[in-house]
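Participant: I'd like to ask you about the structure that follows.
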Number of protein chains: 4
Amino acid sequence: MSSILRGGRLRATRRDVVEFISSVEDDKRIAHATVIVNEAHVLALAKAKAISRKDAHCLLRALRRLERRLPLRKGAEDIHVLIEEYVTKQVGREVGGQLHLGKSRNDQVVTAIRMVLREEILQVSDELLHLERQLLSLARRHVRSVFPGYTHIQPAQPISFAHYLIAICDAFLRDNERLLETYRRVNRSPMGAGALAGSSFNINRRLEARLLGFDGLVENTLDAVGSRDFALEALSVLSITALDVSRLAQDLIFYSSEDVGLLIIPDEFTSTSSMMPQKKNPDPLELMRAKCARIAVNYAAGVTIAHSLPSGYNLDFQEITPLLWDSLDTLKPSLKLLAGLVPGVKPDSAIASRGDLQYTTATEIANILVRKEDIPFRTAHRAVGYAIRNAMKSGKTLTDLTSGEWELVIGRRLRRNTIVSIINTLDLATHIGYYRTKGSPNPRQVTAMIQSRTERIQSMLKGTERARATLKQTLTYS
Amino acid sequence: MSSILRGGRLRATRRDVVEFISSVEDDKRIAHATVIVNEAHVLALAKAKAISRKDAHCLLRALRRLERRLPLRKGAEDIHVLIEEYVTKQVGREVGGQLHLGKSRNDQVVTAIRMVLREEILQVSDELLHLERQLLSLARRHVRSVFPGYTHIQPAQPISFAHYLIAICDAFLRDNERLLETYRRVNRSPMGAGALAGSSFNINRRLEARLLGFDGLVENTLDAVGSRDFALEALSVLSITALDVSRLAQDLIFYSSEDVGLLIIPDEFTSTSSMMPQKKNPDPLELMRAKCARIAVNYAAGVTIAHSLPSGYNLDFQEITPLLWDSLDTLKPSLKLLAGLVPGVKPDSAIASRGDLQYTTATEIANILVRKEDIPFRTAHRAVGYAIRNAMKSGKTLTDLTSGEWELVIGRRLRRNTIVSIINTLDLATHIGYYRTKGSPNPRQVTAMIQSRTERIQSMLKGTERARATLKQTLTYS
Amino acid sequence: MSSILRGGRLRATRRDVVEFISSVEDDKRIAHATVIVNEAHVLALAKAKAISRKDAHCLLRALRRLERRLPLRKGAEDIHVLIEEYVTKQVGREVGGQLHLGKSRNDQVVTAIRMVLREEILQVSDELLHLERQLLSLARRHVRSVFPGYTHIQPAQPISFAHYLIAICDAFLRDNERLLETYRRVNRSPMGAGALAGSSFNINRRLEARLLGFDGLVENTLDAVGSRDFALEALSVLSITALDVSRLAQDLIFYSSEDVGLLIIPDEFTSTSSMMPQKKNPDPLELMRAKCARIAVNYAAGVTIAHSLPSGYNLDFQEITPLLWDSLDTLKPSLKLLAGLVPGVKPDSAIASRGDLQYTTATEIANILVRKEDIPFRTAHRAVGYAIRNAMKSGKTLTDLTSGEWELVIGRRLRRNTIVSIINTLDLATHIGYYRTKGSPNPRQVTAMIQSRTERIQSMLKGTERARATLKQTLTYS
Amino acid sequence: MSSILRGGRLRATRRDVVEFISSVEDDKRIAHATVIVNEAHVLALAKAKAISRKDAHCLLRALRRLERRLPLRKGAEDIHVLIEEYVTKQVGREVGGQLHLGKSRNDQVVTAIRMVLREEILQVSDELLHLERQLLSLARRHVRSVFPGYTHIQPAQPISFAHYLIAICDAFLRDNERLLETYRRVNRSPMGAGALAGSSFNINRRLEARLLGFDGLVENTLDAVGSRDFALEALSVLSITALDVSRLAQDLIFYSSEDVGLLIIPDEFTSTSSMMPQKKNPDPLELMRAKCARIAVNYAAGVTIAHSLPSGYNLDFQEITPLLWDSLDTLKPSLKLLAGLVPGVKPDSAIASRGDLQYTTATEIANILVRKEDIPFRTAHRAVGYAIRNAMKSGKTLTDLTSGEWELVIGRRLRRNTIVSIINTLDLATHIGYYRTKGSPNPRQVTAMIQSRTERIQSMLKGTERARATLKQTLTYS
């Protein structure tokens, strides 16, 4: 227990108890922001004439010094007490004793957390946008590179590698959207809410908010200190992003595995085995997958902590904050590593000619039968399925089937033109040109999608730049 | 395995296997929407000249009949196969065999889920807004009703009951905000994406989207069928809402408990014990608290299912949907019950005069010493704390302390005016008038907050009405 | 609110509130057990002379009738009230009014849950043992069937299919072990604990326990009604079992995928696509995988409900029980389906001769260099790794390498004998005979392991039979 | 990538990739154990004549040096590579290159984790037993101290403080039981399993197990390296223990809150507010409650990581281990703090005489009416409930009720003796003597329970001592 709180209501708190509740280690992250919050509050106190201009000046000078260097004594209760101690040591008890006037750790801590979190959200957003640009850049080179689209981890239909990459990119873009919406709710100021009821000093909360770069207030003072939904929301948005990361990791692991062999991952992003000389293991991707699971579950931890807590401030909140930092510190390096890895990923050159992938044209063959032979789709579907079952049994690819064999399974003579169409469609590169639907792997569609995403990312980057510019005009960067 | 899929690639699936994978029970919820999706698709097929106008007419007539009555055969594989079976039975294999042309269960199911989910989101939003209105309505009656604000489940500072209610209301309003943002991402059409690559038929996806009341497309076809972040996002938003519900439940349980005695809950919302005749248990609130835990954890279940799934459609997705319905079906009755309960909640009439609550004025007493006696806050804080420690030891309330006793602990003579201020501040009803900060319990602040929230809710209601009106102009309600 | 509880402490509870808290739907599962518990309690009351023998007789007759047929009125509060209502209707208020003497819903419900749960645990144990026998039976046929052991989803070292199956079996055996230990803690009687403090009637708790087939008491009466760790423990043990199931499902999906092609799963355990005629999807296994995620997370739901509940009975407990039933009802059919599927699984006949799998002999080649050429392992490891890198680049398998090429990468002349050993080891079937370690894929080791597991399962089956026999001698089966 | 693995299959791994996958920070915990595992393996290699006695001697000397000092280079891949590097530096490439013969990181890491975990389990067990002894010691002083038993956070029936403490103790004892069972499964040796298939060197796995203090083998080599159910089981057992801790914390917070006022917690285990001078907050207990939520959810994280991983070793496992250490490092200090706090907890002296607690005798009053007046329990229950409703309305305690008033609500004249019994039962201290059931708060029952638990703890302590003694005879402590 700090000497500044000792000797009033409580004589003292046991040393080991203080160590148990100490948040100093976790507070490092918010140390600078907390000093800034103190500065804003001092300015508001002076404006409210609650303290003299001279005292305010004195306090600000002391705080500015802490901005640069704030030694964190291990085992101290928390950063808030520490700052007051340091300031008091510098300016004496008369002036230092006013620092905490009209404020509480309750509003101070949540203000500082929001300040750090908003910055972090912008950083994650930047990392995501960077990764998306890498994905699109790779896509640009592979608009016509045939790739099997998978369902149920089985090759399903021919798409292009670019089409796959855009699907991944689009999921990340939605993550960006969510992050931005969360940013708006995070960037509101609880400062001035005191312990939960504000103060009888005329502290201008809007002024404090402006000085600290917030877009508005969390108005109700009880709500301001007693709500952590902004943190849970951030945890959930990071968690959904992590799932998109883990899916990409999973895809890369699977597609580059020896058995599947669709993609080649640069050696320098893999490891070998200490025992088995032949191994090339996708270690960082596996680890990323697992780390994303932890991010995803951090939200559940936040939920369990928050569940059934009563209104008002409870110290349980202190355990939610490290979950945020953990999720951020785990997610950002993963995004960075992916952005480094993606440009080096290469689809195998043999994909377009792999016989086993010809089966993925089955849907289109059924479509041809519908279109050219007036066979109902369900009948065509069955016939093609049956043809493939037989082909597989006798170890044939579809190219191996003669027109006679096709006619046999379909149960009627086929027009010459139909046979030609079937043969053409077996060429996967040609096949992807047949798609006509919006958003499909047809190269024209893909090119258009790449273009529009590129513009979207550009405009999103401008958005985060604007947000950063606003933050820069505040005390934080003074 | 339905006869319509039998005899092609696979001879048949075992009956018990079909029962194991059957989603028919869960599909009930999307049955109507799925029929509508089929109708929109038939219209798009006709427009694309993939089927004749006559066949389209035939199929639509059969589908319209299913709108009204769609018998769900238990143990059938799923609703999609069932619809095709029924239609085929009615219109014959030639025409019915075209129903599935250019579409897949993959796009159809996710389209139907989004259609039902968007409706549900609007319903939850309505229930929330209704509850918020009840909270504000109760608040209006209690702008000047003294209530202790709690931190650490200890009385902390005097607020008003209305101030407390607004804090609760504000959290729910943020839930509304999040729901609306989720709505926007949910209300996009994946239809026309087929299995994952669209189709070689010229199906107009924008037309389908418009017919089904969507605001836009999930453009990339692989993304459209292979992403479930919209569902996870909905689960997380419901989960955060559930935590706000569980907090209100927890508050009501605690505040109405015999020991705390701040609130009275109408008998009709409680139960007694089968053994202990004196018990009045807040059973529904306890259950609600626990149910909210399940809602909160449904998101974690979704996460665990989704984690490390590869791209493309996987049947694992089928297990995510029931989590959505479970969360919705658990949350809505809880909100409804709260909206019924809130108007009957009464604060105890004795609160303002409870001696033990006088300790909550301690902060203001310290403030008075700062303001009137030029004592630094930290010194005043310690002195008041010490005074209270002594008072408690000797079983006194603060009113019992003489000015001499105050002077003793503070260590100096006090001005008469200071003593008067301290005595005034011990009257809790007067005390709440002293707060000057924005968003504080000061009755003027509280009245203004009630007014602005009322307007906000009004405008939100208009928003959901608008959304509903758009939906009504679509096939869904034809 | 049932009429039997109305008009005392509370006038009545609202109808919709009763519906909200009603557990009747979930109570179905414990209905029979609850009747039995009532019977045991009546016997104990008579023994304690708290009620007359005549009244006891009367009550027992009424209860016996309910054993056979207990209509569950939807919307009733719970099964306990319902039983008392029915009995009272039959025997009148004078006698029926004694049914609840000296007991509470608190002890009654947890007793019934434990009775049902212990049965269910034995059932899961049986399903597991049955599956293990199928695994061993399949293993017996494949002691010499070469199979690649995987790490990081890459082929790692040659093992046998039997060796793989035993690894799976062993994990399930540990699940059996855990289930049994949980059974012991579940099978203790809380009955007679009343609301939380027992009773002033001399109710013999040991007698009640014996009548109900319990192995002992949960002695402390507060602990007896207020603890749910037995349920959480069961949820966690089921959850670990589910993870073993999901791993097997994942393996089967992966090994049977078109790209990997190691295993063939019978058609009748798969589905096709409604759009893509060529697909053979492992639908039930994917669904099983996802269902296992839900089981795994049910524990987390239980944890979130239980976390920070105070001591004593809380209605929140009511939400934990359905999690148990859900986990059980999801796990058992999955185990059953696997036991049906396993006997039909076939390893691909070409495995032993697949060139790409020769790389898995790399470790043994390094070992040979250590053994025959006195090269330190780390040097041999590097040389073999390098050889494989080169081989892969030039599209060669290891058989293609000449002794000259081996000598080149190793950097020295090799003895003839070394070369012979290398060539021998490339034959995978021969290779697995080289392992000498206990528990390795060496056929002798594998045969011994199959034998010892078979005996172990035999003895475990006897254990559950014994447990069942004990249960059968109680009132439950009267 | 360490130089020892470079230049074989892979040229090199990128520096930032190595940093990403580096587990060195987490490996600290297993560093010593890993060195010991290497020593045991060297002995086994020598015994198998795979290396010469001289080389073995050389390697052992180098390893012994590392036992004392093992510098962990940040950013190194992992501890395993680091040890081989250090040893090689000391003894040269010829001898050092043999260190990894016949073993893999896969078996080595899981062996070391099990070795550390078994020690930690014993430590948690000790902390638990210590806490239980403190609880029993406090109980001994409060066998006759009246305390209200709570259900639904409402006073329910009179118990003694000792009875409450035993309930808490009993839950912890079950945690001990579970820990011990987990210990048995943890303390099995996977060593010698290599990458997954053992080795062609004749390494004696039993010898290795014995040298490392294990009780037996995880026999199947694939199972040995590819299973983490022992870790998940440990996480779940710690998680259930954490819930028991959080319940105790919750009870202490609630019972010591100003409103409830049943217990007094020593000042030195609380904190005050930085703003509100009157506050005495149970900070460490709130934090403990929240920390226990994290422990509880660590299991869910493990589950999400493990779910749907294929068989064999996957690097995802690396993320499970830190969850273990986190749960242990969070739980142990909490147990220690509780053991320090418990002896200082005091029940309020006024409990026995608090008028509002008289209502808790209601059940016994109903029992008296049954016993002495032959009124059926349900009728008596209603009458007493009604009496209390009226008493509460008019602000009366039960002592205030005249015999006439009792007769009025019961609806008949009562025997004098009945009235006397009712009056006696209102004395809570007398009341607890009336309980007759086994395990009830009756002081005789309570004394007997304290005695038997004391003996049980004694015998459990002997068990862990025995386990420790076995471990001490191994290489670990050499």
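Chains: A, B, ... in order of the structure tokens. Residues: from 1 per chain. Ligands: from 1, in order shown.
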So that each row is one residue of chain D with an atom at most 7 Å from chain B, can you give its shortest atom pair and the distance in Å to one decimal, using only C-alpha atoms, rows by chain and rising number, as CSV?

Facilitator:
residue,atom,partner,partner_atom,distance
D:His152,CA,B:Asn281,CA,6.2
D:Ile153,CA,B:Ser257,CA,6.8
D:Gln154,CA,B:Glu258,CA,6.1
D:Ser257,CA,B:Gln154,CA,6.1
D:Glu258,CA,B:Gln154,CA,6.1
D:Asp259,CA,B:Val260,CA,5.3
D:Val260,CA,B:Asp259,CA,5.3
D:Met275,CA,B:Thr363,CA,6.4
D:Met276,CA,B:Thr363,CA,4.8
D:Pro277,CA,B:Gly385,CA,4.4
D:Gln278,CA,B:Gly385,CA,5.1
D:Asn281,CA,B:His152,CA,6.2
D:Thr304,CA,B:Thr304,CA,5.2
D:Tyr359,CA,B:Gln278,CA,6.3
D:Ala362,CA,B:Pro277,CA,5.9
D:Thr363,CA,B:Met276,CA,4.8
D:His381,CA,B:Pro277,CA,5.2
D:Arg382,CA,B:Pro277,CA,6.6
D:Val384,CA,B:Pro277,CA,6.0
D:Gly385,CA,B:Pro277,CA,4.4
D:Ile388,CA,B:Gln278,CA,6.2

Participant: If we count only C-alpha atoms and set the cut-off at 12 Å, which residues sit around Gly340 in chain A, ignoring sequence neighbours fewer than 3 positions away in its own chain? Please answer as a list in words.

Facilitator: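 Contacts, with the query itself left out: Glu127, His130, Leu131, Glu132, Arg133, Gln134, Leu135, Leu138, Ile265, Pro266, Glu268, Phe269, Pro333, Ser334, Leu335, Lys336, Leu337, Pro343, Gly344 and Val345 of chain A; Arg14, Asp16 and Val17 of chain D.
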
Participant: Could you write those residues out with N, CA and C atoms, as a CSV table (one decimal), in the first residue's frame?

Facilitator:
chain,number,residue,atom,x,y,z
A,127,GLU,N,-1.9,-3.2,-40.4
A,127,GLU,CA,-1.3,-4.5,-40.7
A,127,GLU,C,-2.2,-5.3,-41.6
A,130,HIS,N,-2.1,-3.8,-45.1
A,130,HIS,CA,-0.8,-4.2,-45.7
A,130,HIS,C,-0.9,-5.6,-46.3
A,131,LEU,N,-1.4,-6.5,-45.4
A,131,LEU,CA,-1.6,-7.9,-45.9
A,131,LEU,C,-2.5,-8.0,-47.1
A,132,GLU,N,-3.6,-7.3,-47.0
A,132,GLU,CA,-4.5,-7.3,-48.1
A,132,GLU,C,-3.9,-6.9,-49.4
A,133,ARG,N,-3.0,-5.9,-49.3
A,133,ARG,CA,-2.4,-5.4,-50.5
A,133,ARG,C,-1.4,-6.5,-51.1
A,134,GLN,N,-0.8,-7.2,-50.2
A,134,GLN,CA,0.1,-8.3,-50.6
A,134,GLN,C,-0.7,-9.4,-51.3
A,135,LEU,N,-1.9,-9.6,-50.8
A,135,LEU,CA,-2.8,-10.7,-51.4
A,135,LEU,C,-3.2,-10.2,-52.8
A,138,LEU,N,-0.4,-10.4,-55.2
A,138,LEU,CA,-0.1,-11.8,-55.7
A,138,LEU,C,-1.2,-12.2,-56.7
A,265,ILE,N,5.7,-23.1,-50.4
A,265,ILE,CA,6.1,-22.0,-49.4
A,265,ILE,C,7.6,-21.9,-49.4
A,266,PRO,N,8.1,-20.7,-49.4
A,266,PRO,CA,9.6,-20.5,-49.4
A,266,PRO,C,10.2,-21.3,-48.2
A,268,GLU,N,12.5,-20.6,-46.3
A,268,GLU,CA,12.9,-19.8,-45.2
A,268,GLU,C,11.7,-19.5,-44.2
A,269,PHE,N,10.5,-20.0,-44.6
A,269,PHE,CA,9.3,-19.9,-43.7
A,269,PHE,C,9.0,-21.2,-43.1
A,333,PRO,N,2.1,-9.7,-34.9
A,333,PRO,CA,3.2,-10.4,-35.5
A,333,PRO,C,2.7,-11.4,-36.5
A,334,SER,N,1.5,-12.0,-36.3
A,334,SER,CA,1.0,-13.0,-37.2
A,334,SER,C,0.7,-12.3,-38.5
A,335,LEU,N,0.1,-11.2,-38.5
A,335,LEU,CA,-0.3,-10.5,-39.7
A,335,LEU,C,1.0,-10.1,-40.4
A,336,LYS,N,1.9,-9.6,-39.7
A,336,LYS,CA,3.2,-9.2,-40.3
A,336,LYS,C,3.9,-10.3,-41.0
A,337,LEU,N,3.9,-11.5,-40.3
A,337,LEU,CA,4.6,-12.6,-40.9
A,337,LEU,C,3.9,-13.1,-42.1
A,343,PRO,N,4.0,-12.9,-50.5
A,343,PRO,CA,4.6,-12.6,-51.8
A,343,PRO,C,5.4,-13.8,-52.3
A,344,GLY,N,5.9,-14.6,-51.4
A,344,GLY,CA,6.8,-15.7,-51.9
A,344,GLY,C,6.0,-17.0,-52.2
A,345,VAL,N,4.7,-17.0,-52.0
A,345,VAL,CA,4.0,-18.2,-52.2
A,345,VAL,C,3.8,-18.5,-53.7
D,14,ARG,N,14.3,-17.9,-42.0
D,14,ARG,CA,14.5,-16.5,-41.8
D,14,ARG,C,14.6,-16.2,-40.3
D,16,ASP,N,13.4,-13.7,-38.6
D,16,ASP,CA,12.2,-13.3,-37.9
D,16,ASP,C,11.2,-14.4,-37.8
D,17,VAL,N,11.3,-15.4,-38.7
D,17,VAL,CA,10.5,-16.6,-38.6
D,17,VAL,C,10.9,-17.4,-37.4

Participant: Enumerate as JSON, numbers by chain all residues of range 138-343 of chain D assigned to alpha helix (DSSP H) by DSSP on the backbone, naming them with the chain letters and numbers the document uses.

Facilitator: {"D": [138, 139, 140, 161, 162, 163, 164, 165, 166, 167, 168, 169, 170, 171, 172, 173, 174, 175, 176, 177, 178, 179, 180, 181, 182, 183, 184, 185, 186, 205, 206, 207, 208, 209, 210, 211, 221, 222, 223, 224, 225, 226, 229, 230, 231, 232, 233, 234, 235, 236, 237, 238, 239, 240, 241, 242, 243, 244, 245, 246, 247, 248, 249, 250, 251, 252, 253, 254, 255, 283, 284, 285, 286, 287, 288, 289, 290, 291, 292, 293, 294, 295, 296, 297, 298, 299, 300, 301, 302, 303, 304, 305, 306, 320, 321, 322, 323, 324, 325, 326, 327, 328, 329, 330, 331, 332, 333, 334, 335, 336, 337, 338, 339, 340, 341]}

Participant: Show which residues sit within 8 Å of range 71-75 of chain A, as a PyMOL selection string. Count only C-alpha atoms, and ignore same-chain residues fewer than 3 positions away.

Facilitator: chain A and resi 18-19+22+24-25+28+79+82

Participant: Given the choices B:Ile36, B:Leu243, B:Ala429, B:Leu179, which gets closest to Val297 in chain B if the distance is worked out from only C-alpha atoms?

Facilitator: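 Checking each candidate against Val297 in chain B, we get B:Leu243 as the closest.
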
Participant: Can you pull out the residues contacting Leu60 in chain A? Cut-off 10 Å, using only C-alpha atoms, and skip same-chain residues under 6 positions away; I want them as an MDAnalysis selection string.

Facilitator: chainID A and resid 35:36 38:43 54 66 87 99

Participant: Write the residues of the selection above to a file with C-alpha atoms, as a CSV table (one decimal), in the first residue's frame.

Facilitator:
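Ended up saving to again02.csv:
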chain,number,residue,atom,x,y,z
A,35,VAL,CA,0.5,10.6,-17.4
A,36,ILE,CA,-1.2,12.5,-20.2
A,38,ASN,CA,-3.2,13.5,-15.4
A,39,GLU,CA,-2.0,16.5,-17.4
A,40,ALA,CA,-5.4,17.0,-19.1
A,41,HIS,CA,-7.1,16.7,-15.7
A,42,VAL,CA,-4.8,19.3,-14.2
A,43,LEU,CA,-5.7,21.7,-17.0
A,54,LYS,CA,0.5,28.3,-10.2
A,66,LEU,CA,7.3,11.6,-16.0
A,87,VAL,CA,4.7,14.0,-8.4
A,99,LEU,CA,-3.3,15.9,-8.2

Participant: Please indicate the distance in Å from CA of Ile450 in chain C to CA of Arg140 in chain C, rounded to one decimal place.

Facilitator: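 Separation between CA of Ile450 in chain C and CA of Arg140 in chain C: 7.2 Å.
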
Participant: Counting only C-alpha atoms, which of D:Ser246, D:Thr399, D:Ser236, D:Asn106 gets nearest to Ala195 in chain D?

Facilitator: D:Asn106

Participant: Considering only C-alpha atoms, return as a VMD selection string whatever protein or nucleic-acid residues lie within 8 Å of Asp267 in chain A, sequence-local ones (same chain, fewer than 4 positions apart) excluded.

Facilitator: (chain A and resid 271 280) or (chain D and resid 10 to 13)

Participant: Taking into account only C-alpha atoms, which residue in the set B:Leu173, B:Val186, B:Met191, B:Leu211 is nearest to Asp223 in chain A?

Facilitator: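 Answer, going by the shortest atom-to-atom distance: B:Leu173.
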